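Student: Below is a structure I'd like to ask you about.
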Protein chains: 2
Amino acid sequence: MLHPVILSGGSGTRLWPRSRSNTPKQFLPLVGDETLLQATALRVKAMQDVAPVITVCAEDHRFMVGEQLQAIGMPSGGILLEPAARNTAPAIALAALHVQQQDAQGVMLVLPADHLIRDEPAFRDAVMAGLAQAHAGALVTFGIKPDAPVTGYGYIRIGQPLDARVHAIGAFVEKPDVERARTYLDSGEYLWNSGMFLFRADAYLEALKKHAPAILVAARAAYDAATGDLDFIRVDADAFATSPSDSIDYAVMERATNAAVVPVDCGWSDVGSWSSLWEVADRDVDGNVQLGDTLAIDTGDSYLQAADDRLVAALGVRDLIVVDTADAVLVAHRDRVQDVKMLVDRLKAEGRTEHLHHRKVYRPWGSYDSLAVGPGFQVKRIVVKPGAALSLQRHQRRAEHWIVVSGTAEVTCNDKVFDLGANQSTYIPLGSKHRLRNTTDQPVELIEVQSGDYLGEDDIERFDDVYGRT
Amino acid sequence: MLHPVILSGGSGTRLWPRSRSNTPKQFLPLVGDETLLQATALRVKAMQDVAPVITVCAEDHRFMVGEQLQAIGMPSGGILLEPAARNTAPAIALAALHVQQQDAQGVMLVLPADHLIRDEPAFRDAVMAGLAQAHAGALVTFGIKPDAPVTGYGYIRIGQPLDARVHAIGAFVEKPDVERARTYLDSGEYLWNSGMFLFRADAYLEALKKHAPAILVAARAAYDAATGDLDFIRVDADAFATSPSDSIDYAVMERATNAAVVPVDCGWSDVGSWSSLWEVADRDVDGNVQLGDTLAIDTGDSYLQAADDRLVAALGVRDLIVVDTADAVLVAHRDRVQDVKMLVDRLKAEGRTEHLHHRKVYRPWGSYDSLAVGPGFQVKRIVVKPGAALSLQRHQRRAEHWIVVSGTAEVTCNDKVFDLGANQSTYIPLGSKHRLRNTTDQPVELIEVQSGDYLGEDDIERFDDVYGRT
């Protein structure tokens with residue numbers, strides 16, 4: 001039995017403006033219809049003898065993880081919530097402790113949620129090839145055979161063979177300059193460090209105890225005091241906060257004598273920038289990737305993406321990344337995309353919000369999109385999923401008008417409960433306890449016009465919530 | 001008494017996506033706070049002994065012309081509506097006939113509405129310098145002293161001097177190639193053909209009679225059968241349609257023996273493309289023009305413009321035009337902007353609407369902006385100006401919900417008339433006669449949610465309209 005563990009902790013800013021703090025890249029359908037998280041889960045679901053998937057993610061992303069896994073029918077072995085970002089070593093420790101509860105010597109397959117693998121059979125073969133060493137106690141990693149002198153990845157030098165497919169690790173090597181990267185590529189002795197691992201839970205915990213005991217102590221204390229909440233496992237925040245922040249590479253792999261590597265060529269990409277996404281996407285004869293409503297004349301080798309209900313028109317340009325969203329458009333040279341972070345840092349420094357969330361915000365009950373904001377009012381388009389309900393709530397500073405445009409909503413307003421169908425409206429006076437519920441099997445869509453002197457999301461007092469948010 | 005005539009007939013597509021069929025560039029504040037039309041009007045308003053301004057424009061633009069002139073306190077000598085586009089010779093003929101009604105030998109100063117002139121004193125000096133020849137019966141044009149070998153303009157070769165400032169015209173010359181343009185520039189004998197004219201109304205009509213009699217016949221018949229409508233002069237469409245379509249240059253100036261030119265250096269630009277707008281605008285140390293909410297890192301010599309409520313972020317790019325609007329963003333190389341027309345032609349060919357109008361549409365009573373469109377519904381943000389009223393109207397296919405968010409609206413719904421204040425709402429059932437009026441001195445803003453199986457702008461039956469649109 002293999003225990004898949006998906007690390008969904010990334011808060012990537014390098015794919016801004018599509019990836020934002022509340023929807024990092026693993027939650028986006030960047031290539032094809034599935035999100036990277038879903039593609040990662042489906043990759044392991046296709047394997048034999050696989051336990052339900054364990055996910056580690058940030059508190060803020062829990063509903064998204066749950067829904068995205070549910071949408072592809074992926075059995076969940078629990079969603080571990082990291083109270084704070086502490087890098088991969090502590091996150092994997094929580095997962096190892098969780099695996100041990102069910103299977104003392106269970107083997108874990110640890111996968112970042114935000115990578116792309118195009119040759120899945122090759123990937124699965126590599127996992128199978130590493131299993132014997134993992135069962136024998138080795139800390140197995142997967143090394144990608146390089147096809148270009150890439151400077152953005154760490155490298156692994158291949159050591160002595162341990163069996164037909166697995167090698168000891170010669171050395172972990174920091175990101176090289178381009179000259180050195182070319183030497184690595186030409187030598188055939190180096191692999192890209194992919195950040196995917198295969199080992200027994202007890203072997204990892206043993207290694208932690210030896211090389212990074214403070215992480216193990218903190219993770220164990222946090223996990224032992226965990227509480228359950230639906231499918232979520234909420235570890236103790238104070239205990240987890242005492243953990244050093246470190247990657248599994250630095251904390252364990254580089255120090256362990258039982259580390260091993262399986263070389264693999266599986267069409268892997270970490271999708272770490274807009275240019276790497278351009279590289280892996282299907283391109284037309286002009287070398288363009290065109291997504292959404294785009295129009296390109298005399299344009300080449302560019303990535304063009306339009307937002308919903310918007311047109312991106314390109315004329316006479318080359319090597320550009322143009323990514324449009326509801327509230328921001330990025331225009332960057334393809335060679336400069338590693339500096340998208342500089343833009344995001346600028347947004348942070350200026351106290352803006354375009355790096356935090358999209359205009360359209362997903363909630364466990366559905367979504368809302370802010371259509372217009374003006375002095376004293378805001379207009380939102382709200383979709384409530386079948387069977388879902390917003391919390392019973394009250395606002396101190398705003399009244400709300402609701403106009404249902406499709407489906408049937410059940411409205412609670414103080415002591416009244418009534419249905420509201422398409423083309424019907426109601427008024428929620430300031431200070432009244434209200435709730436919106438969808439008891440049907442069709443989505444409900446409504447327009448909300450808020451009116452008041454303060455319209456922030458924090459003017460909300462929750463009395464009852466099916467998602468445990470009170 | 002000088003009679004200013006502003007030709008506002010341009011339907012320019014070269015500044016798409018900001019200029020659109022329903023708001024060509026003369027109606028946009030492209031440089032500074034005034035629109036090009038307003039800047040043109042203010043240019044003549046500052047002169048001595050000037051009659052109220054006569055404007056010639058398309059039917060669709062009449063309210064915009066009226067409002068923009070009113071907003072700057074410009075007295076109107078009438079707005080002549082062209083029932084169809086017939087180029088400049090017939091349009092100027094209408095204006096000449098209109099001037100003659102008041103002042104048989106009146107001198108007209110004919111100005112395109114969409115040019116930019118930075119040195120206004122130099123321009124006014126040139127007009128004064130041309131007056132004597134114009135009074136004496138010459139057809140005076142203004143020739144701009146070139147400062148670069150521009151290939152996009154027609155040229156005028158300077159002929160014999162007629163007085164201290166005015167010369168006979170040696171020849172009109174077609175747009176040259178760059179080599180020839182350089183020769184013209186170096187010779188000092190050539191000027192750019194600016195499309196601005198100064199002549200007696202009767203002199204122009206006389207020249208038309210001689211060189212293009214069919215235009216005169218059609219224009220006279222159209223003008224003689226004109227009807228007044230508010231400040232608008234609606235000439236006869238059938239008569240006007242019989243006019244040949246021709247420019248004043250081809251129809252008259254090139255054939256006339258009494259044509260003259262005043263050389264002038266007045267910081268003139270026809271703002272004919274995004275690159276010419278970049279050239280005339282204030283640029284920062286990196287050579288960028290940044291308008292609206294923009295963020296640029298390592299970006300140079302570019303024109304960046306964000307739409308309301310949207311961010312444009314540029315990274316590592318040069319020589320780009322990035323113009324964002326509510327529904328479309330243009331990304332073009334600065335050297336390729338003359339081909340924006342290709343994009344517009346593509347939009348036309350595909351039966352789209354982004355070249356026709358903006359998401360926000362101006363009406364004589366105010367404006368509306370379509371915030372969201374979904375199956376069976378549409379959400380609009382509507383602003384009604386103080387003292388304005390929409391028509392009394394009825395829809396066959398849709399009901400409407402109105403929520404006032406600021407100001408006070410007077411609502412008519414069948415036989416009821418009532419006030420609706422901020423945070424109040426009402427429902428207009430399908431088929432009911434209704435009207436929205438603002439009787440206050442503050443704008444009224446409301447959110448309209450339309451619901452129905454067809455939501456096109458043409459489902460509107462008008463019973464009464466203060467703007468004569470029934």
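By order of appearance in the structure tokens: chains A, B, ..., then residues from 1 within every chain, and ligands from 1 in the order shown.
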Against chain A, which residues of chain B fall within 7 Å? For each one I want the closest pair of atoms and the distance in Å (one decimal), counting only C-alpha atoms, rows by chain and increasing residue number, as a tab-separated table.

Tutor:
```
residue	atom	partner	partner_atom	distance
B:Asp309	CA	A:Asp327	CA	6.9
B:Arg310	CA	A:Asp327	CA	4.8
B:Leu311	CA	A:Ala328	CA	4.5
B:Val312	CA	A:Val329	CA	5.1
B:Ala313	CA	A:Leu330	CA	4.9
B:Ala314	CA	A:Val331	CA	4.8
B:Leu315	CA	A:Ala332	CA	4.5
B:Gly316	CA	A:His333	CA	5.4
B:Val317	CA	A:His333	CA	5.5
B:Asp327	CA	A:Arg310	CA	4.8
B:Ala328	CA	A:Leu311	CA	4.4
B:Val329	CA	A:Val312	CA	5.1
B:Leu330	CA	A:Ala313	CA	4.9
B:Val331	CA	A:Ala314	CA	4.8
B:Ala332	CA	A:Leu315	CA	4.5
B:His333	CA	A:Gly316	CA	5.4
B:Arg336	CA	A:Gly316	CA	6.0
B:Leu371	CA	A:Leu371	CA	6.0
B:Phe377	CA	A:Val405	CA	6.3
B:Val405	CA	A:Phe377	CA	6.3
B:Asn423	CA	A:Ser451	CA	6.0
B:Ser451	CA	A:Asn423	CA	6.1
```

Student: What's the 7 Å shell around segment 13-15 of chain B, counting only C-alpha atoms, without same-chain residues fewer than 6 positions away, as a PyMOL selection string?

Tutor: chain B and resi 25+272-274+338+340-341+344

Student: Given only C-alpha atoms as the basis, pick out the residue of A:Val262, A:Gln26, A:Ser243, A:Pro149 nearest to Ala122 of chain A.

Tutor: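 Comparing A:Val262, A:Gln26, A:Ser243, A:Pro149 against Ala122 of chain A, the winner is A:Val262.
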
Student: Using only C-alpha atoms for the distances, tell me which of A:Ala349, A:Gly12, A:Arg283, A:Val140 is nearest to Met253 of chain A.

Tutor: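 Answer, going by the shortest atom-to-atom distance: A:Val140.
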
Student: What are the DSSP strand (DSSP E or B) residues of segment 56-287 of chain A, as a ChimeraX atom specification?

Tutor: /A:56-58,76-82,107-112,116-117,139-144,155-161,167-173,190-200,227-229,232-234,259-264,268-269

Student: Excluding Leu94 of chain B and any residue of its chain fewer than 6 positions from it, enumerate the residues within 8 Å of it, using only C-alpha atoms, and give them as JSON, numbers by chain.

Tutor: {"B": [80, 219, 220, 223]}

Student: Could you turn the residues from that selection into a file that holds N, CA and C atoms, as a PDB file, in the first residue's frame?

Tutor:
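The resulting again_28.pdb:
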```
ATOM      1  N   LEU B  80     -24.717  71.012 -37.592  1.00  0.00           N
ATOM      2  CA  LEU B  80     -25.208  70.462 -38.857  1.00  0.00           C
ATOM      3  C   LEU B  80     -25.000  68.951 -38.860  1.00  0.00           C
ATOM      4  N   ALA B 219     -25.615  69.680 -51.911  1.00  0.00           N
ATOM      5  CA  ALA B 219     -25.537  70.325 -50.596  1.00  0.00           C
ATOM      6  C   ALA B 219     -26.600  71.406 -50.462  1.00  0.00           C
ATOM      7  N   ARG B 220     -26.804  72.168 -51.548  1.00  0.00           N
ATOM      8  CA  ARG B 220     -27.804  73.242 -51.491  1.00  0.00           C
ATOM      9  C   ARG B 220     -29.210  72.658 -51.320  1.00  0.00           C
ATOM     10  N   TYR B 223     -29.494  71.425 -47.771  1.00  0.00           N
ATOM     11  CA  TYR B 223     -29.572  72.498 -46.780  1.00  0.00           C
ATOM     12  C   TYR B 223     -30.893  73.244 -46.872  1.00  0.00           C
TER      13      TYR B 223
END
```

Student: Would you pick out the contacts of segment 187-189 of chain B at 10 Å or less, using only C-alpha atoms, so that residues sharing its chain but fewer than 2 positions from it are not included, and give the list as an MDAnalysis selection string?

Tutor: chainID B and resid 145:146 155:159 170 181:185 191

Student: Could you take the residues named above and write them with N, CA, C and O atoms, as a PDB file, in the first residue's frame?

Tutor:
```pdb
ATOM      1  N   LYS B 145       5.095  73.674 -41.047  1.00  0.00           N
ATOM      2  CA  LYS B 145       6.522  73.500 -41.338  1.00  0.00           C
ATOM      3  C   LYS B 145       6.975  72.154 -40.781  1.00  0.00           C
ATOM      4  O   LYS B 145       6.868  71.911 -39.577  1.00  0.00           O
ATOM      5  N   PRO B 146       7.473  71.280 -41.657  1.00  0.00           N
ATOM      6  CA  PRO B 146       7.807  69.934 -41.198  1.00  0.00           C
ATOM      7  C   PRO B 146       9.073  69.925 -40.343  1.00  0.00           C
ATOM      8  O   PRO B 146       9.972  70.736 -40.580  1.00  0.00           O
ATOM      9  N   TYR B 155       1.747  66.793 -48.743  1.00  0.00           N
ATOM     10  CA  TYR B 155       2.604  67.990 -48.655  1.00  0.00           C
ATOM     11  C   TYR B 155       2.103  69.075 -49.608  1.00  0.00           C
ATOM     12  O   TYR B 155       1.389  68.789 -50.586  1.00  0.00           O
ATOM     13  N   ILE B 156       2.478  70.297 -49.304  1.00  0.00           N
ATOM     14  CA  ILE B 156       2.174  71.445 -50.163  1.00  0.00           C
ATOM     15  C   ILE B 156       3.503  72.110 -50.523  1.00  0.00           C
ATOM     16  O   ILE B 156       4.296  72.423 -49.630  1.00  0.00           O
ATOM     17  N   ARG B 157       3.759  72.303 -51.820  1.00  0.00           N
ATOM     18  CA  ARG B 157       4.951  73.047 -52.227  1.00  0.00           C
ATOM     19  C   ARG B 157       4.619  74.531 -52.240  1.00  0.00           C
ATOM     20  O   ARG B 157       3.589  74.944 -52.803  1.00  0.00           O
ATOM     21  N   ILE B 158       5.457  75.308 -51.580  1.00  0.00           N
ATOM     22  CA  ILE B 158       5.210  76.744 -51.449  1.00  0.00           C
ATOM     23  C   ILE B 158       5.433  77.430 -52.801  1.00  0.00           C
ATOM     24  O   ILE B 158       6.440  77.182 -53.461  1.00  0.00           O
ATOM     25  N   GLY B 159       4.491  78.296 -53.188  1.00  0.00           N
ATOM     26  CA  GLY B 159       4.620  79.027 -54.449  1.00  0.00           C
ATOM     27  C   GLY B 159       5.046  80.471 -54.215  1.00  0.00           C
ATOM     28  O   GLY B 159       5.652  80.817 -53.189  1.00  0.00           O
ATOM     29  N   GLY B 170       2.310  76.157 -54.769  1.00  0.00           N
ATOM     30  CA  GLY B 170       3.042  75.624 -55.906  1.00  0.00           C
ATOM     31  C   GLY B 170       2.391  74.363 -56.410  1.00  0.00           C
ATOM     32  O   GLY B 170       2.081  74.227 -57.594  1.00  0.00           O
ATOM     33  N   ALA B 181      10.351  62.282 -48.774  1.00  0.00           N
ATOM     34  CA  ALA B 181       9.981  63.110 -47.621  1.00  0.00           C
ATOM     35  C   ALA B 181      11.210  63.831 -47.079  1.00  0.00           C
ATOM     36  O   ALA B 181      11.141  64.988 -46.659  1.00  0.00           O
ATOM     37  N   ARG B 182      12.340  63.139 -47.102  1.00  0.00           N
ATOM     38  CA  ARG B 182      13.582  63.744 -46.621  1.00  0.00           C
ATOM     39  C   ARG B 182      14.002  64.917 -47.545  1.00  0.00           C
ATOM     40  O   ARG B 182      14.405  65.976 -47.067  1.00  0.00           O
ATOM     41  N   THR B 183      13.858  64.706 -48.841  1.00  0.00           N
ATOM     42  CA  THR B 183      14.158  65.779 -49.802  1.00  0.00           C
ATOM     43  C   THR B 183      13.266  66.990 -49.532  1.00  0.00           C
ATOM     44  O   THR B 183      13.744  68.132 -49.506  1.00  0.00           O
ATOM     45  N   TYR B 184      11.979  66.723 -49.322  1.00  0.00           N
ATOM     46  CA  TYR B 184      11.027  67.814 -49.045  1.00  0.00           C
ATOM     47  C   TYR B 184      11.465  68.586 -47.811  1.00  0.00           C
ATOM     48  O   TYR B 184      11.487  69.815 -47.784  1.00  0.00           O
ATOM     49  N   LEU B 185      11.812  67.821 -46.774  1.00  0.00           N
ATOM     50  CA  LEU B 185      12.199  68.433 -45.497  1.00  0.00           C
ATOM     51  C   LEU B 185      13.430  69.310 -45.689  1.00  0.00           C
ATOM     52  O   LEU B 185      13.458  70.468 -45.249  1.00  0.00           O
ATOM     53  N   LEU B 191       5.469  71.991 -47.099  1.00  0.00           N
ATOM     54  CA  LEU B 191       4.728  72.071 -45.836  1.00  0.00           C
ATOM     55  C   LEU B 191       3.789  70.876 -45.746  1.00  0.00           C
ATOM     56  O   LEU B 191       3.398  70.312 -46.765  1.00  0.00           O
TER      57      LEU B 191
END
```

Student: Which of these residues is nearest to Ile169 of chain B, using only C-alpha atoms: B:Ala237, B:Asn87, B:Ala260, B:Lys210?

Tutor: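 Between B:Ala237, B:Asn87, B:Ala260, B:Lys210, the residue approaching Ile169 of chain B most closely is B:Ala260.
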
Student: What's around Ile6 of chain B at 8 Å? Count only C-alpha atoms, leave out sequence neighbours fewer than 3 positions away in its own chain, and write the answer as a short mmCIF file (atom, residue, chain, number, x, y, z; two decimals) with all heavy atoms, in the first residue's frame.

Tutor:
```cif
data_model
loop_
_atom_site.label_atom_id
_atom_site.label_comp_id
_atom_site.auth_asym_id
_atom_site.auth_seq_id
_atom_site.Cartn_x
_atom_site.Cartn_y
_atom_site.Cartn_z
N THR B 40 -10.31 72.22 -29.69
CA THR B 40 -10.46 72.94 -30.97
C THR B 40 -11.37 74.15 -30.80
O THR B 40 -11.09 75.25 -31.28
CB THR B 40 -11.01 71.99 -32.05
OG1 THR B 40 -10.16 70.84 -32.13
CG2 THR B 40 -11.07 72.65 -33.41
N ALA B 41 -12.48 73.94 -30.09
CA ALA B 41 -13.43 75.03 -29.88
C ALA B 41 -12.80 76.14 -29.02
O ALA B 41 -12.94 77.33 -29.32
CB ALA B 41 -14.70 74.49 -29.21
N VAL B 53 -19.73 78.94 -32.83
CA VAL B 53 -19.11 77.89 -33.63
C VAL B 53 -20.16 77.02 -34.33
O VAL B 53 -21.18 76.64 -33.74
CB VAL B 53 -18.17 77.02 -32.76
CG1 VAL B 53 -18.96 76.20 -31.74
CG2 VAL B 53 -17.32 76.09 -33.62
N ILE B 54 -19.92 76.75 -35.59
CA ILE B 54 -20.76 75.83 -36.37
C ILE B 54 -20.05 74.48 -36.40
O ILE B 54 -18.85 74.42 -36.68
CB ILE B 54 -20.95 76.34 -37.81
CG1 ILE B 54 -21.68 77.70 -37.78
CG2 ILE B 54 -21.70 75.32 -38.67
CD1 ILE B 54 -21.59 78.45 -39.10
N THR B 55 -20.78 73.44 -36.07
CA THR B 55 -20.17 72.11 -36.08
C THR B 55 -20.87 71.24 -37.11
O THR B 55 -22.09 71.34 -37.27
CB THR B 55 -20.28 71.45 -34.70
OG1 THR B 55 -19.99 72.41 -33.70
CG2 THR B 55 -19.32 70.28 -34.56
N VAL B 56 -20.11 70.43 -37.82
CA VAL B 56 -20.70 69.45 -38.73
C VAL B 56 -20.33 68.07 -38.19
O VAL B 56 -19.15 67.79 -37.96
CB VAL B 56 -20.15 69.59 -40.17
CG1 VAL B 56 -20.96 68.71 -41.13
CG2 VAL B 56 -20.17 71.05 -40.62
N VAL B 110 -12.15 76.88 -41.07
CA VAL B 110 -12.57 75.48 -41.04
C VAL B 110 -11.49 74.64 -40.35
O VAL B 110 -10.34 74.62 -40.79
CB VAL B 110 -12.79 74.95 -42.48
CG1 VAL B 110 -13.21 73.47 -42.44
CG2 VAL B 110 -13.83 75.79 -43.20
N LEU B 111 -11.88 73.96 -39.27
CA LEU B 111 -10.92 73.20 -38.48
C LEU B 111 -11.40 71.77 -38.23
O LEU B 111 -12.53 71.58 -37.77
CB LEU B 111 -10.73 73.87 -37.11
CG LEU B 111 -10.28 75.33 -37.12
CD1 LEU B 111 -10.33 75.90 -35.70
CD2 LEU B 111 -8.88 75.44 -37.69
N PRO B 112 -10.57 70.78 -38.53
CA PRO B 112 -10.92 69.42 -38.11
C PRO B 112 -10.99 69.36 -36.59
O PRO B 112 -10.21 70.03 -35.90
CB PRO B 112 -9.75 68.57 -38.64
CG PRO B 112 -9.13 69.41 -39.71
CD PRO B 112 -9.30 70.84 -39.25
N ALA B 113 -11.91 68.57 -36.05
CA ALA B 113 -12.13 68.52 -34.61
C ALA B 113 -11.09 67.68 -33.89
O ALA B 113 -11.02 67.70 -32.67
CB ALA B 113 -13.52 67.93 -34.33
#
```

Student: How many Å separate atom CA of Ala389 of chain A from atom CA of Pro364 of chain A?

Tutor: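 Straight-line distance from atom CA of Ala389 of chain A to atom CA of Pro364 of chain A works out to 8.9 Å.
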
Student: Just the residues within 12 Å of Gln100 of chain A, please, counting only C-alpha atoms, with nothing from its chain fewer than 6 positions along; format it as a ChimeraX atom specification.

Tutor: /A:3,93-94,106-108,200-205,220,223

Student: Please produce a file of those selected residues containing all heavy atoms, as an mmCIF file, in the first residue's frame.

Tutor:
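This went into selection_32.cif:
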```cif
data_model
loop_
_atom_site.group_PDB
_atom_site.id
_atom_site.type_symbol
_atom_site.label_atom_id
_atom_site.label_comp_id
_atom_site.auth_asym_id
_atom_site.auth_seq_id
_atom_site.Cartn_x
_atom_site.Cartn_y
_atom_site.Cartn_z
ATOM 1 N N HIS A 3 1.110 5.367 0.172
ATOM 2 C CA HIS A 3 0.358 6.490 0.727
ATOM 3 C C HIS A 3 0.746 7.775 0.012
ATOM 4 O O HIS A 3 1.807 8.343 0.300
ATOM 5 C CB HIS A 3 0.629 6.624 2.223
ATOM 6 C CG HIS A 3 0.168 5.440 3.005
ATOM 7 N ND1 HIS A 3 -1.093 5.334 3.557
ATOM 8 C CD2 HIS A 3 0.798 4.262 3.282
ATOM 9 C CE1 HIS A 3 -1.222 4.170 4.168
ATOM 10 N NE2 HIS A 3 -0.084 3.477 4.019
ATOM 11 N N ALA A 93 6.625 15.972 7.776
ATOM 12 C CA ALA A 93 6.616 15.312 9.095
ATOM 13 C C ALA A 93 5.176 15.076 9.563
ATOM 14 O O ALA A 93 4.830 13.995 10.052
ATOM 15 C CB ALA A 93 7.380 16.160 10.107
ATOM 16 N N LEU A 94 4.320 16.086 9.397
ATOM 17 C CA LEU A 94 2.905 15.917 9.770
ATOM 18 C C LEU A 94 2.287 14.763 8.985
ATOM 19 O O LEU A 94 1.579 13.911 9.546
ATOM 20 C CB LEU A 94 2.107 17.195 9.482
ATOM 21 C CG LEU A 94 2.435 18.463 10.284
ATOM 22 C CD1 LEU A 94 1.559 19.624 9.803
ATOM 23 C CD2 LEU A 94 2.242 18.226 11.783
ATOM 24 N N GLY A 106 4.338 2.259 6.605
ATOM 25 C CA GLY A 106 3.782 2.638 5.305
ATOM 26 C C GLY A 106 4.753 3.468 4.483
ATOM 27 O O GLY A 106 5.478 4.307 5.015
ATOM 28 N N VAL A 107 4.739 3.227 3.155
ATOM 29 C CA VAL A 107 5.593 4.003 2.258
ATOM 30 C C VAL A 107 4.814 5.201 1.725
ATOM 31 O O VAL A 107 3.678 5.067 1.254
ATOM 32 C CB VAL A 107 6.103 3.128 1.090
ATOM 33 C CG1 VAL A 107 6.829 3.993 0.044
ATOM 34 C CG2 VAL A 107 7.046 2.061 1.610
ATOM 35 N N MET A 108 5.432 6.366 1.806
ATOM 36 C CA MET A 108 4.797 7.607 1.349
ATOM 37 C C MET A 108 5.379 8.015 -0.007
ATOM 38 O O MET A 108 6.587 7.965 -0.208
ATOM 39 C CB MET A 108 5.102 8.763 2.323
ATOM 40 C CG MET A 108 4.766 8.484 3.769
ATOM 41 S SD MET A 108 5.649 9.628 4.908
ATOM 42 C CE MET A 108 4.974 11.207 4.379
ATOM 43 N N ARG A 200 9.610 5.292 3.558
ATOM 44 C CA ARG A 200 8.758 4.837 4.662
ATOM 45 C C ARG A 200 8.571 5.984 5.632
ATOM 46 O O ARG A 200 9.508 6.742 5.904
ATOM 47 C CB ARG A 200 9.405 3.654 5.378
ATOM 48 C CG ARG A 200 9.250 2.344 4.616
ATOM 49 C CD ARG A 200 9.637 1.083 5.377
ATOM 50 N NE ARG A 200 10.214 1.265 6.665
ATOM 51 C CZ ARG A 200 11.295 0.591 7.099
ATOM 52 N NH1 ARG A 200 11.882 -0.314 6.307
ATOM 53 N NH2 ARG A 200 11.758 0.800 8.302
ATOM 54 N N ALA A 201 7.383 6.096 6.164
ATOM 55 C CA ALA A 201 7.103 7.161 7.125
ATOM 56 C C ALA A 201 8.098 7.085 8.280
ATOM 57 O O ALA A 201 8.656 8.105 8.710
ATOM 58 C CB ALA A 201 5.663 7.037 7.646
ATOM 59 N N ASP A 202 8.349 5.869 8.776
ATOM 60 C CA ASP A 202 9.257 5.757 9.930
ATOM 61 C C ASP A 202 10.695 6.092 9.540
ATOM 62 O O ASP A 202 11.447 6.634 10.351
ATOM 63 C CB ASP A 202 9.151 4.374 10.580
ATOM 64 C CG ASP A 202 9.559 3.253 9.635
ATOM 65 O OD1 ASP A 202 9.664 3.506 8.406
ATOM 66 O OD2 ASP A 202 9.769 2.117 10.110
ATOM 67 N N ALA A 203 11.075 5.814 8.288
ATOM 68 C CA ALA A 203 12.433 6.144 7.855
ATOM 69 C C ALA A 203 12.627 7.657 7.821
ATOM 70 O O ALA A 203 13.673 8.181 8.233
ATOM 71 C CB ALA A 203 12.707 5.548 6.470
ATOM 72 N N TYR A 204 11.592 8.372 7.362
ATOM 73 C CA TYR A 204 11.696 9.830 7.318
ATOM 74 C C TYR A 204 11.755 10.407 8.735
ATOM 75 O O TYR A 204 12.579 11.281 9.039
ATOM 76 C CB TYR A 204 10.516 10.433 6.544
ATOM 77 C CG TYR A 204 10.534 11.946 6.552
ATOM 78 C CD1 TYR A 204 11.536 12.655 5.885
ATOM 79 C CD2 TYR A 204 9.571 12.668 7.248
ATOM 80 C CE1 TYR A 204 11.574 14.044 5.922
ATOM 81 C CE2 TYR A 204 9.599 14.059 7.282
ATOM 82 C CZ TYR A 204 10.595 14.733 6.624
ATOM 83 O OH TYR A 204 10.635 16.114 6.659
ATOM 84 N N LEU A 205 10.892 9.890 9.598
ATOM 85 C CA LEU A 205 10.848 10.418 10.965
ATOM 86 C C LEU A 205 12.162 10.108 11.701
ATOM 87 O O LEU A 205 12.657 10.927 12.479
ATOM 88 C CB LEU A 205 9.633 9.846 11.718
ATOM 89 C CG LEU A 205 8.272 10.291 11.134
ATOM 90 C CD1 LEU A 205 7.120 9.524 11.800
ATOM 91 C CD2 LEU A 205 8.073 11.796 11.298
ATOM 92 N N ARG A 220 5.447 16.637 16.002
ATOM 93 C CA ARG A 220 4.757 15.616 16.796
ATOM 94 C C ARG A 220 3.808 16.254 17.807
ATOM 95 O O ARG A 220 2.659 15.847 17.962
ATOM 96 C CB ARG A 220 5.783 14.715 17.498
ATOM 97 C CG ARG A 220 5.154 13.448 18.071
ATOM 98 C CD ARG A 220 6.156 12.578 18.792
ATOM 99 N NE ARG A 220 7.154 11.925 17.958
ATOM 100 C CZ ARG A 220 6.938 10.792 17.249
ATOM 101 N NH1 ARG A 220 5.756 10.210 17.244
ATOM 102 N NH2 ARG A 220 7.921 10.273 16.525
ATOM 103 N N TYR A 223 0.849 17.571 15.882
ATOM 104 C CA TYR A 223 -0.039 16.518 15.383
ATOM 105 C C TYR A 223 -0.780 15.838 16.523
ATOM 106 O O TYR A 223 -1.980 15.542 16.411
ATOM 107 C CB TYR A 223 0.756 15.491 14.568
ATOM 108 C CG TYR A 223 -0.150 14.445 13.956
ATOM 109 C CD1 TYR A 223 -0.915 14.753 12.828
ATOM 110 C CD2 TYR A 223 -0.287 13.185 14.537
ATOM 111 C CE1 TYR A 223 -1.784 13.820 12.277
ATOM 112 C CE2 TYR A 223 -1.152 12.245 14.001
ATOM 113 C CZ TYR A 223 -1.912 12.565 12.871
ATOM 114 O OH TYR A 223 -2.778 11.654 12.338
#
```

Student: Among the residues of segment 149-305 of chain B, find those DSSP assigns to helix (DSSP H, G or I) from the backbone and print them as a PyMOL selection string.

Tutor: chain B and resi 178-187+201-211+213-224+237-241+248-253+274-280

Student: With distances taken over only C-alpha atoms, which of A:Val173, A:Leu390, A:Val384, A:Ala51 is nearest to Thr408 of chain A?

Tutor: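 For Thr408 of chain A, the nearest of the candidates is A:Val384.
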